[in-house]
Amino acid sequence: MSTNAGWPLIEESVSFLQGPGSQLLANYVLTSAGYAGNSVEHAPAEAALWCNLTARTEGSWSAQRGRQYELDQVQTGTAGTTWRNDDGALAPNNPSSPFYPAVTLLRGYRRRAMYPVTKNLLTASQAQPSSDGWGFAWPKWATPNPAYYLQGAAYAIQSSFGNGLPTSIPAGTTLVAYGGFAITPGLAYSASVAVVGITNGLGVAVRLNWYGPGGTILSSVTGSTVTTVTRATVSGTAPSNCVGATMSVVVVTPPTATADLQLQQYQLEQAAVPTTFDYPGTWYDMFTGYVERWPQAWEDGGLYGTTTPQLIDAFGYLSQRAIRSPGYQEILYHGAAWFYPLDEPTGATQWNDLTGNESALQRRIVNGAPASQIVPGVTLPASSTSGVSSAVIYKASGFNPGAVSGPCTQFSNSPGSSALALLDLGAAKGSAGPSNATGWTMVFLVNTAASSASNPDQYVWAVYDPNNTSSYIRLAATGANFYQVQIDNGTARTLNIGSPTAFAGYAATDGCWHAIVLTMSADGKTLTGQVDNYPAQTLVTGSDMRPSFSAAAVETLGGSGNGSGGWSGYLSCVAYIATAIPTTTLFPTPGENEVYDGFEVPAINTLMATLTIDSSGSSEATSGTRFADILRWAGWGGYRSIDSLPTLGQGYGGQTWDYGPPIEFLAAAADTGHDAVSSLQTVTDTENGQQYVDRSGVVTFKNRSRRYGQTTPVATFGENTAAGEIPYEGAAFDFDPTLVADDVLLTQLTSGLAFRQVNPTSIASFGDVQLQRQVNTLDQNEILAAVSYLLQHEGTPQLRCEAITINVAAYPSCWQTMLGLELGSPVRINRRPSNAPQITFDGFVENIAWSMDDQGNASVTLQCSPNLALDKGAGFFDTARFQINPGDSTLQSAVTAAATSLVIATAAGAPPLTNDGTQYPFTIVIDSEQITLGAAPGSATSPQTFSTITRGANGTTASAHSAGAQVALATTALFAY
C-alpha cells in the first residue's frame with residue numbers, strides 16, 4: 001500500500017444493517033454466546049458491520065458539530081458528501097442494487113481517518129490486546145468467549161485462553177471475533193493472527209465471514225488449521241453485495257487434552273495474500289451518525305449518477321423522538337408485548353393497546369350488570385391522587401397519578417355482588433392468561449377505592465377457567481388491606497405483596513395510587529410481587545406453579561369472569577412483558593451501550609423507579625441519572641457517555657444531586673410529548689454542564705466542573721511552530737453584546753418560583769439582556785448559586801473567537817491534534833501584533849467544522865468561548881465541586897475599618913487573583929463585610945495589593961479584619977455554576 005505521509009487514510013462507510021438502535025463504534029469485539037454448544041457469533045445488529053464507500057466519494061466533504069457560544073443549545077451535527085452512483089447501487093428503489101433493500105433511511109454513517117497510515121485496518125487495541133486481562137480490545141461489555149478466556153493472564157499484549165480449552169469443545173466454536181472495520185465489495189482481504197502458544201493437538205483457524213444486505217452470512221472463508229506456534233492466516237474476496245465482515249478465530253480440531261491457547265498481533269489488510277504484521281495507526285472518527293435521506297441526481301442522459309446523502313448525528317434522530325409520560329416510555333423500553341394505558345376519553349367504548357399488537361378491550365357484562373359500572377375518561381381530584389407518603393406514583397402511563405390529573409378508567413363493581421362489568425383481556429388477546437412458554441412481567445397502576453376491611457377480596461385482574469376451577473391466577477385487593485397474588489395449578493398458593501404492618505403507610509384500599517409489578521420466572525418456580533418502592537416479596541416453589549388454561553378460560557380486569565371478586569377503583573395501566581424483569585436491574589447492562597468512565601453503574605429497578613418517583617424527587621436522582629433516563633425513554637440504543645460523580649466516585653454523574661421529578665413530561669393524554677433533545681437540554685441547563693454527540697457518535701454529558709478543571713490547553717495555535725504552536729490561516733475575535741446575561745432569571749420547574757438577579761451597571765451600558773432558564777433542581781440554594789454564578793460570569797461582554805481556521809493539509813504535523821480535537825476541548829490562541837506584546841486567548845471549543853475535497857485540500861474551523869475560570873481568577877475555585885474556595889485566599893495583614901487598601905495572599909500552588917484589569921470590578925467578602933475591588937492589583941503574584949477598593953459594599957458595614965481572615969467572592973456559588 002503506497003501512502004502519502006502527509007495525508008491520512010480516509011474512510012467513508014455506511015452501516016447498511018444498523019440504525020439508531022445499534023452501536024456504531026469502530027472498536028467493537030464480537031463474541032460467541034459462550035460454551036454449552038453455542039458456536040454462533042452475535043447477530044449483525046451487534047456486529048458494527050461497515051461497507052466502505054470511499055471509492056465512490058468525489059468532490060468535497062464537510063461536517064459541522066457544536067454550538068455558537070457557551071450558553072447556546074448544541075445543534076444537530078450535520079455532514080455533506082457526494083457519492084458516485086452510476087450503477088444505481090445507492091438508489092433505494094433499485095431492486096437490482098447489490099445492497100437492496102438495505103438502502104433506506106437512518107442507516108449508520110461514519111467518516112474516519114487513520115494517521116499515521118499503515119496497512120493494518122484494525123484499531124490499535126484490536127491488533128494488540130492490552131495486558132490487563134480486559135484491555136480496550138475486549139471491553140467489559142464484549143469479552144472473548146467467557147467459557148475459556150483467562151482474565152489477568154501473565155502474557156503481555158496477548159489474548160490468553162489459559163483457563164484450558166476442554167476436549168469437549170465443539171469444532172466450529174468461535175473463540176473471539178472482531179467487527180468494526182469497513183469492507184469494500186469486490187476487493188481482496190487477508191486476516192492473520194500470531195499463535196504464540198498452543199498445546200495438546202488443538203487446531204484453530206482464522207475465518208472471515210461476509211455479510212449480505214439481508215443481515216445473514218453470504219459466505220465464509222476459513223484459513224489453514226494451525227496446531228503449532230506460527231501465524232494463522234486467511235485470504236478472500238468480499239462478494240459484490242457484501243455490506244460488512246467479521247474476523248474470528250475458531251476451533252477446527254478439539255484438543256486431545258485440556259489445552260492452552262495464546263494469541264497476539266491481529267491484522268486485517270486489503271491484500272490478496274497476508275504480509276508481515278504492522279502495528280496500526282490511530283483511527284480518528286471525524287463524524288459518526290446516520291444517513292437521513294438519499295437524494296438522487298442523474299445527468300448526461302442518465303449515465304452520470306450521484307447521491308448527496310443528508311447526514312445527521314444522533315441529536316438529529318433524538319430531536320424527532322417525542323417523550324410523553326415516562327411511565328409510557330419505561331414500559332415500552334422493557335419490550336411490552338401489550339400495553340393498555342386505559343386513558344381513553346369519556347364516552348369511549350373500547351380501550352386500545354398502545355403497542356398495536358393486540359385488539360382493543362371491550363366490556364364483558366356478567367349477570368346483567370349495567371355497562372356504566374365501567375367509566376373511561378375519569379379525572380381524579382388531587383386529594384385522591386396523592387398516594388402514600390413513601391411512594392407517590394408521580395409519573396404514570398396514563399399521565400394522571402400524581403400532581404397532574406388526567407383520564408383513567410373507573411370500575412364501580414360492588415364487592416360481594418355477582419353483577420359485574422369487566423374489561424375482557426382474553427378476548428382482546430385471543431387467549432387467556434400469561435404464556436407458560438417464557439417468564440413474564442405484568443405492570444398495574446391501580447387505585448382501589450377505600451373500603452371496609454370486612455369486604456371480600458376484590459380482583460383487579462383475574463384468569464378463570466370454567467373447565468377447571470383449580471386453574472386460576474389473580475391479583476386481589478384483600479379484606480386484610482393488602483394486595484395479594486392468588487395462583488392455583490392444582491395446588492393453591494398465595495403471595496402477599498406487603499402489608500400495612502410490614503410497610504408503614506401502605507394499604508391496598510386507601511384510595512391512593514399504587515404501582516404493582518409482578519414477575520414469573522421462566523421455569524415457573526419463582527413468583528415476585530412488588531408494590532411501589534417497597535421491598536419485593538417472593539414465592540419460591542420446587543415445581544412449576546403456573547396454571548394451564550383451556551380455550552374456554554376468561555381473563556378480565558375488574559373482577560372474575562365467574563361473577564366473583566368484583567373490584568371498585570381506578571386503573572391507569574395494565575401491561576405485559578414477555579420476560580421476567582429482575583426486581584434489581586443493572587442499567588445499562590454491561591454489553592449494552594455504555595461507555596464507561598471509570599465507574600460502575602449502580603443496580604436499580606428502572607421500571608419501578610420510574611413509576612414511583614415521588615413529588616419530592618428521588619434520593620437516587622442526579623442530573624446524570626435523569627440524562628440517562630431520558631435517553632432510555634427516548635429509545636436510544638446507541639452509546640452514551642455520562643460523567644461519573646466526582647465526589648461519590650460511582651454512578652451516573654452530574655453535580656445536581658437533588659434532581660426533581662420529571663414533571664415536564666406530564667401533560668394531557670393528547671399531548672404529543674417533548675422531543676428528547678430539548679428534554680436533555682433541560683437537564684444540561686440545570687447542571688450547567690455540556691451535552692453533545694462526539695465524533696464517534698456517542699451521546700455525551702459532562703458535569704459542570706469539567707471545564708473548570710481544564711486549565712491546560714490541548715492545542716495551542718500561533719506562529720511559533722518551534723514551540724509546538726499550530727499555525728492558523730485566520731482568526732476573528734469580537735465582543736457580542738447580545739450574548740451578555742446581565743439579567744438572569746431561573747425558574748424552578750417543581751414550584752414555578754422565579755429566582756432573579758441583575759447587574760445594574762451592565763444594564764446601563766449594554767441594555768437589559770435577559771437569560772431565562774427552567775431548572776429542575778429541588779435545592780433552591782443551588783438555584784440562587786446558579787443565578788449568582790451566571791450573572792458573575794456572563795454579566796459583561798466577553799471576547800470570543802468567532803472563527804479560527806487551520807489549513808491541515810498545509811501543516812501535516814497537526815493532523816493528529818486536529819483529528820483528536822473534541823467539543824469542549826481547552827485551547828489557546830496566541831497573537832503577536834507587530835511591535836506589541838503577545839496577546840493570549842484561552843477558550844473552549846464550541847464548534848468544529850471540517851472541510852475536505854478530493855484535490856488534497858483540508859481545513860478545520862473552530863469557534864471558541866472564553867475560559868472564564870481563568871479569566872476570573874482561578875485561585876478562587878475548588879474544581880472538585882467548583883465551589884468558590886475561601887481557603888485559597890486570605891488577608892496578608894490586618895486592616896482597620898477605615899483602611900483604603902488591602903493585601904491578599906494566595907495559598908501555595910493555587911493561582912493568584914487575576915491582574916487583568918478588564919475583569920474588574922468584582923466584590924469579595926471578608927467575614928461579613930463585602931468589599932469591591934475596583935482595579936487590578938499591582939502584581940501578578942502573591943501577595944497582591946489592592947489600592948482601589950470600596951468598603952462596606954452592598955449595604956454591609958466596614959469593619960476591622962485580622963491577618964489570615966479568609967477571602968471569598970461575595971457571589972459565593974455553593975455549586976458549580
# chains A, B, ... in the order shown; residues from 1 in each chain; ligands from 1

$ residues_around --residues "Ala421 in chain A" --least-positions-apart "2" --cutoff "8 Å" --atoms "only C-alpha atoms" --output "list of chain:residue names"
A:Arg363, A:Arg364, A:Ile365, A:Val366, A:Ala369, A:Pro370, A:Ala371, A:Ser372, A:Gln373, A:Ile374, A:Phe411, A:Asn413, A:Ala419, A:Leu423, A:Gly558

$ write_last_selection --atoms "all heavy atoms" --output "JSON list (two decimals), in the first residue's frame"
[["chain", "number", "residue", "atom", "x", "y", "z"],
["A", 363, "ARG", "N", -66.01, -4.21, 26.90],
["A", 363, "ARG", "CA", -66.67, -4.60, 28.14],
["A", 363, "ARG", "C", -67.15, -6.05, 28.06],
["A", 363, "ARG", "O", -67.55, -6.54, 27.01],
["A", 363, "ARG", "CB", -67.87, -3.70, 28.42],
["A", 363, "ARG", "CG", -67.54, -2.28, 28.87],
["A", 363, "ARG", "CD", -68.82, -1.51, 29.15],
["A", 363, "ARG", "NE", -68.60, -0.17, 29.67],
["A", 363, "ARG", "CZ", -68.43, 0.92, 28.92],
["A", 363, "ARG", "NH1", -68.47, 0.80, 27.58],
["A", 363, "ARG", "NH2", -68.22, 2.10, 29.48],
["A", 364, "ARG", "N", -67.11, -6.72, 29.20],
["A", 364, "ARG", "CA", -67.72, -8.05, 29.34],
["A", 364, "ARG", "C", -68.71, -7.94, 30.49],
["A", 364, "ARG", "O", -68.31, -7.69, 31.64],
["A", 364, "ARG", "CB", -66.67, -9.12, 29.63],
["A", 364, "ARG", "CG", -67.24, -10.53, 29.73],
["A", 364, "ARG", "CD", -66.17, -11.53, 30.14],
["A", 364, "ARG", "NE", -66.67, -12.88, 30.17],
["A", 364, "ARG", "CZ", -66.59, -13.76, 29.16],
["A", 364, "ARG", "NH1", -66.01, -13.40, 28.02],
["A", 364, "ARG", "NH2", -67.07, -14.98, 29.27],
["A", 365, "ILE", "N", -69.97, -8.10, 30.20],
["A", 365, "ILE", "CA", -71.03, -7.94, 31.20],
["A", 365, "ILE", "C", -71.36, -9.30, 31.80],
["A", 365, "ILE", "O", -71.62, -10.26, 31.08],
["A", 365, "ILE", "CB", -72.27, -7.30, 30.58],
["A", 365, "ILE", "CG1", -71.92, -5.92, 29.98],
["A", 365, "ILE", "CG2", -73.38, -7.17, 31.62],
["A", 365, "ILE", "CD1", -71.34, -4.94, 30.97],
["A", 366, "VAL", "N", -71.34, -9.37, 33.12],
["A", 366, "VAL", "CA", -71.62, -10.62, 33.83],
["A", 366, "VAL", "C", -72.87, -10.42, 34.68],
["A", 366, "VAL", "O", -72.96, -9.45, 35.46],
["A", 366, "VAL", "CB", -70.42, -11.03, 34.72],
["A", 366, "VAL", "CG1", -70.73, -12.32, 35.47],
["A", 366, "VAL", "CG2", -69.17, -11.20, 33.88],
["A", 369, "ALA", "N", -75.01, -6.84, 34.78],
["A", 369, "ALA", "CA", -74.54, -5.58, 35.36],
["A", 369, "ALA", "C", -74.67, -4.46, 34.34],
["A", 369, "ALA", "O", -74.53, -4.67, 33.13],
["A", 369, "ALA", "CB", -73.09, -5.72, 35.79],
["A", 370, "PRO", "N", -74.95, -3.26, 34.77],
["A", 370, "PRO", "CA", -75.00, -2.13, 33.83],
["A", 370, "PRO", "C", -73.60, -1.79, 33.32],
["A", 370, "PRO", "O", -72.61, -1.86, 34.06],
["A", 370, "PRO", "CB", -75.57, -1.00, 34.68],
["A", 370, "PRO", "CG", -75.25, -1.36, 36.09],
["A", 370, "PRO", "CD", -75.29, -2.85, 36.16],
["A", 371, "ALA", "N", -73.53, -1.42, 32.05],
["A", 371, "ALA", "CA", -72.24, -1.05, 31.46],
["A", 371, "ALA", "C", -71.62, 0.15, 32.16],
["A", 371, "ALA", "O", -70.40, 0.35, 32.12],
["A", 371, "ALA", "CB", -72.41, -0.76, 29.98],
["A", 372, "SER", "N", -72.46, 0.97, 32.81],
["A", 372, "SER", "CA", -71.98, 2.17, 33.47],
["A", 372, "SER", "C", -71.09, 1.89, 34.67],
["A", 372, "SER", "O", -70.55, 2.82, 35.28],
["A", 372, "SER", "CB", -73.16, 3.05, 33.90],
["A", 372, "SER", "OG", -74.01, 2.34, 34.80],
["A", 373, "GLN", "N", -70.95, 0.60, 35.04],
["A", 373, "GLN", "CA", -70.03, 0.27, 36.12],
["A", 373, "GLN", "C", -68.56, 0.37, 35.68],
["A", 373, "GLN", "O", -67.66, 0.22, 36.49],
["A", 373, "GLN", "CB", -70.34, -1.12, 36.69],
["A", 373, "GLN", "CG", -71.63, -1.14, 37.49],
["A", 373, "GLN", "CD", -71.98, -2.49, 38.09],
["A", 373, "GLN", "OE1", -73.12, -2.74, 38.47],
["A", 373, "GLN", "NE2", -71.02, -3.40, 38.16],
["A", 374, "ILE", "N", -68.35, 0.63, 34.38],
["A", 374, "ILE", "CA", -67.02, 0.98, 33.88],
["A", 374, "ILE", "C", -67.13, 2.32, 33.16],
["A", 374, "ILE", "O", -67.92, 2.47, 32.23],
["A", 374, "ILE", "CB", -66.46, -0.08, 32.90],
["A", 374, "ILE", "CG1", -66.29, -1.43, 33.59],
["A", 374, "ILE", "CG2", -65.13, 0.40, 32.32],
["A", 374, "ILE", "CD1", -65.77, -2.51, 32.68],
["A", 411, "PHE", "N", -63.80, 1.63, 37.75],
["A", 411, "PHE", "CA", -64.63, 0.44, 37.92],
["A", 411, "PHE", "C", -65.47, 0.64, 39.19],
["A", 411, "PHE", "O", -64.93, 1.03, 40.23],
["A", 411, "PHE", "CB", -63.77, -0.81, 38.07],
["A", 411, "PHE", "CG", -62.98, -1.18, 36.84],
["A", 411, "PHE", "CD1", -61.84, -0.47, 36.48],
["A", 411, "PHE", "CD2", -63.39, -2.24, 36.03],
["A", 411, "PHE", "CE1", -61.12, -0.81, 35.35],
["A", 411, "PHE", "CE2", -62.67, -2.57, 34.89],
["A", 411, "PHE", "CZ", -61.54, -1.86, 34.55],
["A", 413, "ASN", "N", -67.71, -1.87, 40.48],
["A", 413, "ASN", "CA", -68.31, -3.14, 40.85],
["A", 413, "ASN", "C", -68.38, -3.23, 42.36],
["A", 413, "ASN", "O", -67.42, -2.89, 43.06],
["A", 413, "ASN", "CB", -67.49, -4.30, 40.29],
["A", 413, "ASN", "CG", -67.52, -4.33, 38.77],
["A", 413, "ASN", "OD1", -68.58, -4.18, 38.17],
["A", 413, "ASN", "ND2", -66.36, -4.53, 38.15],
["A", 419, "ALA", "N", -73.01, -9.26, 39.85],
["A", 419, "ALA", "CA", -73.30, -8.50, 38.62],
["A", 419, "ALA", "C", -72.14, -7.55, 38.37],
["A", 419, "ALA", "O", -72.01, -6.52, 39.02],
["A", 419, "ALA", "CB", -74.61, -7.73, 38.77],
["A", 423, "LEU", "N", -63.51, -5.62, 31.87],
["A", 423, "LEU", "CA", -62.82, -5.46, 30.60],
["A", 423, "LEU", "C", -62.20, -6.81, 30.24],
["A", 423, "LEU", "O", -61.50, -7.42, 31.05],
["A", 423, "LEU", "CB", -61.73, -4.38, 30.67],
["A", 423, "LEU", "CG", -62.24, -2.94, 30.78],
["A", 423, "LEU", "CD1", -61.08, -1.95, 30.78],
["A", 423, "LEU", "CD2", -63.22, -2.61, 29.66],
["A", 558, "GLY", "N", -61.17, -6.04, 36.69],
["A", 558, "GLY", "CA", -62.30, -5.55, 37.47],
["A", 558, "GLY", "C", -63.06, -6.62, 38.22],
["A", 558, "GLY", "O", -64.04, -6.32, 38.90]]

$ closest_residue --among "A:Pro943, A:Ala91, A:Gly77, A:Val443" --to "Ala908 in chain A" --atoms "only C-alpha atoms"
A:Pro943

$ residues_around --residues "Thr167 in chain A" --least-positions-apart "4" --cutoff "10 Å" --atoms "only C-alpha atoms" --output "list in words"
Asn200, Gly201, Leu202, Thr253, Pro254, Pro255, Thr256, Ala257, Thr258 and Ala259 of chain A

$ write_last_selection --atoms "N, CA and C atoms" --output "compact mmCIF listing (two decimals), in the first residue's frame"
# COMPACT_ATOMS: atom_id res chain seq x y z
N ASN A 200 -1.47 -29.59 23.03
CA ASN A 200 -2.29 -30.80 23.07
C ASN A 200 -3.19 -31.00 21.85
N GLY A 201 -2.62 -30.74 20.69
CA GLY A 201 -3.32 -31.07 19.46
C GLY A 201 -4.46 -30.14 19.10
N LEU A 202 -4.63 -29.05 19.84
CA LEU A 202 -5.67 -28.09 19.50
C LEU A 202 -5.40 -27.48 18.13
N THR A 253 -10.05 -28.25 15.33
CA THR A 253 -9.82 -29.58 15.90
C THR A 253 -9.80 -29.48 17.41
N PRO A 254 -10.72 -30.14 18.12
CA PRO A 254 -10.67 -30.13 19.58
C PRO A 254 -9.38 -30.77 20.08
N PRO A 255 -8.89 -30.34 21.24
CA PRO A 255 -7.62 -30.89 21.74
C PRO A 255 -7.80 -32.31 22.28
N THR A 256 -6.68 -33.03 22.39
CA THR A 256 -6.70 -34.38 22.96
C THR A 256 -6.69 -34.35 24.47
N ALA A 257 -6.28 -33.23 25.04
CA ALA A 257 -6.31 -33.00 26.48
C ALA A 257 -6.52 -31.50 26.66
N THR A 258 -6.83 -31.12 27.89
CA THR A 258 -7.07 -29.70 28.13
C THR A 258 -5.91 -28.87 27.61
N ALA A 259 -6.25 -27.87 26.77
CA ALA A 259 -5.21 -27.14 26.03
C ALA A 259 -5.22 -25.67 26.39

$ residues_around --residues "range 571-580 of chain A" --least-positions-apart "6" --cutoff "7 Å" --atoms "only C-alpha atoms" --output "compact mmCIF listing (two decimals) with all heavy atoms, in the first residue's frame"
# COMPACT_ATOMS: atom_id res chain seq x y z
N GLY A 335 -39.97 -3.60 26.50
CA GLY A 335 -40.45 -4.54 25.49
C GLY A 335 -41.83 -5.08 25.76
O GLY A 335 -42.06 -6.30 25.65
N ALA A 336 -42.78 -4.21 26.11
CA ALA A 336 -44.14 -4.66 26.38
C ALA A 336 -44.72 -5.39 25.19
O ALA A 336 -44.68 -4.89 24.06
CB ALA A 336 -45.03 -3.47 26.75
N ALA A 337 -45.25 -6.59 25.43
CA ALA A 337 -45.95 -7.33 24.37
C ALA A 337 -47.32 -6.73 24.13
O ALA A 337 -47.82 -6.76 23.00
CB ALA A 337 -46.06 -8.80 24.75
N TRP A 338 -47.95 -6.23 25.17
CA TRP A 338 -49.17 -5.44 25.05
C TRP A 338 -49.23 -4.47 26.22
O TRP A 338 -48.67 -4.72 27.27
CB TRP A 338 -50.44 -6.28 24.96
CG TRP A 338 -50.63 -7.37 25.97
CD1 TRP A 338 -50.36 -8.69 25.82
CD2 TRP A 338 -51.18 -7.24 27.30
NE1 TRP A 338 -50.69 -9.41 26.96
CE2 TRP A 338 -51.21 -8.53 27.88
CE3 TRP A 338 -51.67 -6.17 28.05
CZ2 TRP A 338 -51.67 -8.78 29.17
CZ3 TRP A 338 -52.14 -6.40 29.34
CH2 TRP A 338 -52.14 -7.71 29.86
N PHE A 339 -49.92 -3.35 25.99
CA PHE A 339 -49.90 -2.27 26.97
C PHE A 339 -51.18 -1.45 26.78
O PHE A 339 -51.34 -0.76 25.77
CB PHE A 339 -48.65 -1.43 26.76
CG PHE A 339 -48.55 -0.18 27.59
CD1 PHE A 339 -49.31 0.01 28.74
CD2 PHE A 339 -47.66 0.82 27.23
CE1 PHE A 339 -49.21 1.16 29.49
CE2 PHE A 339 -47.54 1.98 27.97
CZ PHE A 339 -48.31 2.15 29.10
N TYR A 340 -52.07 -1.53 27.75
CA TYR A 340 -53.32 -0.77 27.73
C TYR A 340 -53.21 0.38 28.74
O TYR A 340 -53.29 0.15 29.95
CB TYR A 340 -54.50 -1.67 28.07
CG TYR A 340 -54.76 -2.73 27.02
CD1 TYR A 340 -54.24 -4.01 27.16
CD2 TYR A 340 -55.52 -2.45 25.89
CE1 TYR A 340 -54.47 -4.98 26.19
CE2 TYR A 340 -55.75 -3.42 24.92
CZ TYR A 340 -55.22 -4.68 25.08
OH TYR A 340 -55.45 -5.65 24.12
N PRO A 341 -53.03 1.62 28.26
CA PRO A 341 -52.93 2.76 29.18
C PRO A 341 -54.25 3.11 29.86
O PRO A 341 -54.25 3.77 30.89
CB PRO A 341 -52.47 3.92 28.29
CG PRO A 341 -51.92 3.27 27.07
CD PRO A 341 -52.71 2.01 26.88
N LEU A 342 -55.37 2.69 29.26
CA LEU A 342 -56.69 2.92 29.84
C LEU A 342 -56.97 4.40 30.06
O LEU A 342 -57.62 4.78 31.04
CB LEU A 342 -56.84 2.15 31.17
CG LEU A 342 -56.59 0.63 31.08
CD1 LEU A 342 -56.62 0.00 32.46
CD2 LEU A 342 -57.58 -0.04 30.16
N ASP A 343 -56.46 5.23 29.14
CA ASP A 343 -56.63 6.68 29.27
C ASP A 343 -57.57 7.24 28.21
O ASP A 343 -57.48 8.42 27.84
CB ASP A 343 -55.27 7.38 29.19
CG ASP A 343 -54.53 7.09 27.89
OD1 ASP A 343 -55.06 6.35 27.04
OD2 ASP A 343 -53.40 7.58 27.73
N SER A 397 -48.27 5.91 33.30
CA SER A 397 -48.53 5.77 31.88
C SER A 397 -49.77 6.52 31.45
O SER A 397 -49.88 6.96 30.31
CB SER A 397 -48.67 4.29 31.53
OG SER A 397 -49.78 3.75 32.23
N GLY A 398 -50.72 6.69 32.34
CA GLY A 398 -51.94 7.39 31.97
C GLY A 398 -51.90 8.86 32.26
O GLY A 398 -52.95 9.50 32.27
N CYS A 408 -58.33 8.31 33.40
CA CYS A 408 -58.11 6.90 33.71
C CYS A 408 -59.47 6.22 33.63
O CYS A 408 -60.47 6.83 33.23
CB CYS A 408 -57.48 6.73 35.09
SG CYS A 408 -58.49 7.34 36.46
N THR A 409 -59.54 4.95 33.96
CA THR A 409 -60.80 4.22 33.85
C THR A 409 -61.27 3.79 35.24
O THR A 409 -60.49 3.22 36.01
CB THR A 409 -60.63 2.99 32.94
OG1 THR A 409 -60.31 3.45 31.62
CG2 THR A 409 -61.90 2.16 32.89
N GLN A 410 -62.54 4.07 35.52
CA GLN A 410 -63.11 3.77 36.83
C GLN A 410 -63.98 2.52 36.75
O GLN A 410 -64.77 2.33 35.82
CB GLN A 410 -63.96 4.94 37.32
CG GLN A 410 -64.60 4.71 38.69
CD GLN A 410 -65.45 5.89 39.14
OE1 GLN A 410 -65.74 6.78 38.35
NE2 GLN A 410 -65.83 5.91 40.41
N THR A 438 -42.56 -18.73 28.46
CA THR A 438 -41.48 -17.84 28.91
C THR A 438 -41.82 -17.33 30.30
O THR A 438 -42.92 -17.53 30.82
CB THR A 438 -41.33 -16.63 27.98
OG1 THR A 438 -42.54 -15.84 28.04
CG2 THR A 438 -41.09 -17.07 26.54
N GLY A 439 -40.84 -16.65 30.89
CA GLY A 439 -41.17 -15.87 32.07
C GLY A 439 -41.97 -14.64 31.65
O GLY A 439 -42.12 -14.36 30.46
N TRP A 440 -42.50 -13.91 32.60
CA TRP A 440 -43.29 -12.73 32.26
C TRP A 440 -43.27 -11.71 33.38
O TRP A 440 -42.92 -12.02 34.54
CB TRP A 440 -44.72 -13.09 31.89
CG TRP A 440 -45.48 -13.96 32.87
CD1 TRP A 440 -45.66 -15.31 32.80
CD2 TRP A 440 -46.17 -13.54 34.07
NE1 TRP A 440 -46.42 -15.77 33.86
CE2 TRP A 440 -46.74 -14.69 34.65
CE3 TRP A 440 -46.35 -12.32 34.69
CZ2 TRP A 440 -47.48 -14.66 35.84
CZ3 TRP A 440 -47.10 -12.26 35.88
CH2 TRP A 440 -47.66 -13.44 36.43
N THR A 441 -43.65 -10.50 33.01
CA THR A 441 -43.81 -9.39 33.96
C THR A 441 -45.11 -8.69 33.64
O THR A 441 -45.43 -8.47 32.48
CB THR A 441 -42.64 -8.39 33.84
OG1 THR A 441 -41.41 -9.07 34.12
CG2 THR A 441 -42.81 -7.23 34.81
N MET A 442 -45.87 -8.36 34.67
CA MET A 442 -47.08 -7.56 34.49
C MET A 442 -47.01 -6.31 35.35
O MET A 442 -46.48 -6.34 36.47
CB MET A 442 -48.33 -8.37 34.81
CG MET A 442 -48.63 -9.45 33.79
SD MET A 442 -50.29 -10.15 33.94
CE MET A 442 -51.32 -8.78 33.40
N VAL A 443 -47.53 -5.22 34.81
CA VAL A 443 -47.48 -3.92 35.47
C VAL A 443 -48.90 -3.39 35.62
O VAL A 443 -49.68 -3.40 34.65
CB VAL A 443 -46.65 -2.91 34.67
CG1 VAL A 443 -46.57 -1.57 35.39
CG2 VAL A 443 -45.25 -3.46 34.41
N PHE A 444 -49.23 -2.94 36.81
CA PHE A 444 -50.54 -2.35 37.10
C PHE A 444 -50.32 -1.02 37.82
O PHE A 444 -49.50 -0.91 38.73
CB PHE A 444 -51.38 -3.24 38.02
CG PHE A 444 -51.64 -4.62 37.50
CD1 PHE A 444 -50.72 -5.64 37.71
CD2 PHE A 444 -52.81 -4.92 36.81
CE1 PHE A 444 -50.95 -6.92 37.25
CE2 PHE A 444 -53.05 -6.20 36.34
CZ PHE A 444 -52.12 -7.20 36.56
N LEU A 445 -51.05 0.02 37.39
CA LEU A 445 -51.15 1.24 38.15
C LEU A 445 -52.60 1.32 38.63
O LEU A 445 -53.52 1.48 37.83
CB LEU A 445 -50.80 2.46 37.30
CG LEU A 445 -49.33 2.53 36.86
CD1 LEU A 445 -49.08 3.77 36.03
CD2 LEU A 445 -48.39 2.52 38.05
N VAL A 446 -52.77 1.18 39.93
CA VAL A 446 -54.09 0.87 40.46
C VAL A 446 -54.40 1.73 41.68
O VAL A 446 -53.52 2.06 42.48
CB VAL A 446 -54.17 -0.64 40.81
CG1 VAL A 446 -53.08 -1.02 41.80
CG2 VAL A 446 -55.53 -1.03 41.32
N ASN A 447 -55.66 2.09 41.79
CA ASN A 447 -56.16 2.87 42.93
C ASN A 447 -57.45 2.20 43.37
O ASN A 447 -58.50 2.34 42.74
CB ASN A 447 -56.41 4.32 42.50
CG ASN A 447 -56.91 5.21 43.62
OD1 ASN A 447 -57.53 4.75 44.58
ND2 ASN A 447 -56.66 6.51 43.49
N THR A 519 -43.74 -10.58 38.58
CA THR A 519 -42.89 -11.32 37.65
C THR A 519 -42.94 -12.80 37.95
O THR A 519 -43.01 -13.22 39.11
CB THR A 519 -41.42 -10.85 37.73
OG1 THR A 519 -40.89 -11.15 39.03
CG2 THR A 519 -41.28 -9.38 37.45
N MET A 520 -42.91 -13.59 36.88
CA MET A 520 -42.84 -15.05 36.99
C MET A 520 -41.58 -15.50 36.26
O MET A 520 -41.32 -15.09 35.13
CB MET A 520 -44.06 -15.70 36.35
CG MET A 520 -44.05 -17.23 36.36
SD MET A 520 -44.21 -17.95 38.03
CE MET A 520 -45.97 -17.69 38.31
N SER A 521 -40.79 -16.32 36.91
CA SER A 521 -39.55 -16.79 36.31
C SER A 521 -39.83 -17.72 35.13
O SER A 521 -40.92 -18.27 34.99
CB SER A 521 -38.70 -17.53 37.35
OG SER A 521 -39.38 -18.68 37.83

$ closest_residue --among "A:Val683, A:Leu799, A:Ile804, A:Leu106" --to "Pro737 in chain A" --atoms "only C-alpha atoms"
A:Leu799

$ residues_around --residues "Asp842 in chain A" --least-positions-apart "4" --cutoff "8 Å" --atoms "only C-alpha atoms" --output "count of residues only"
8
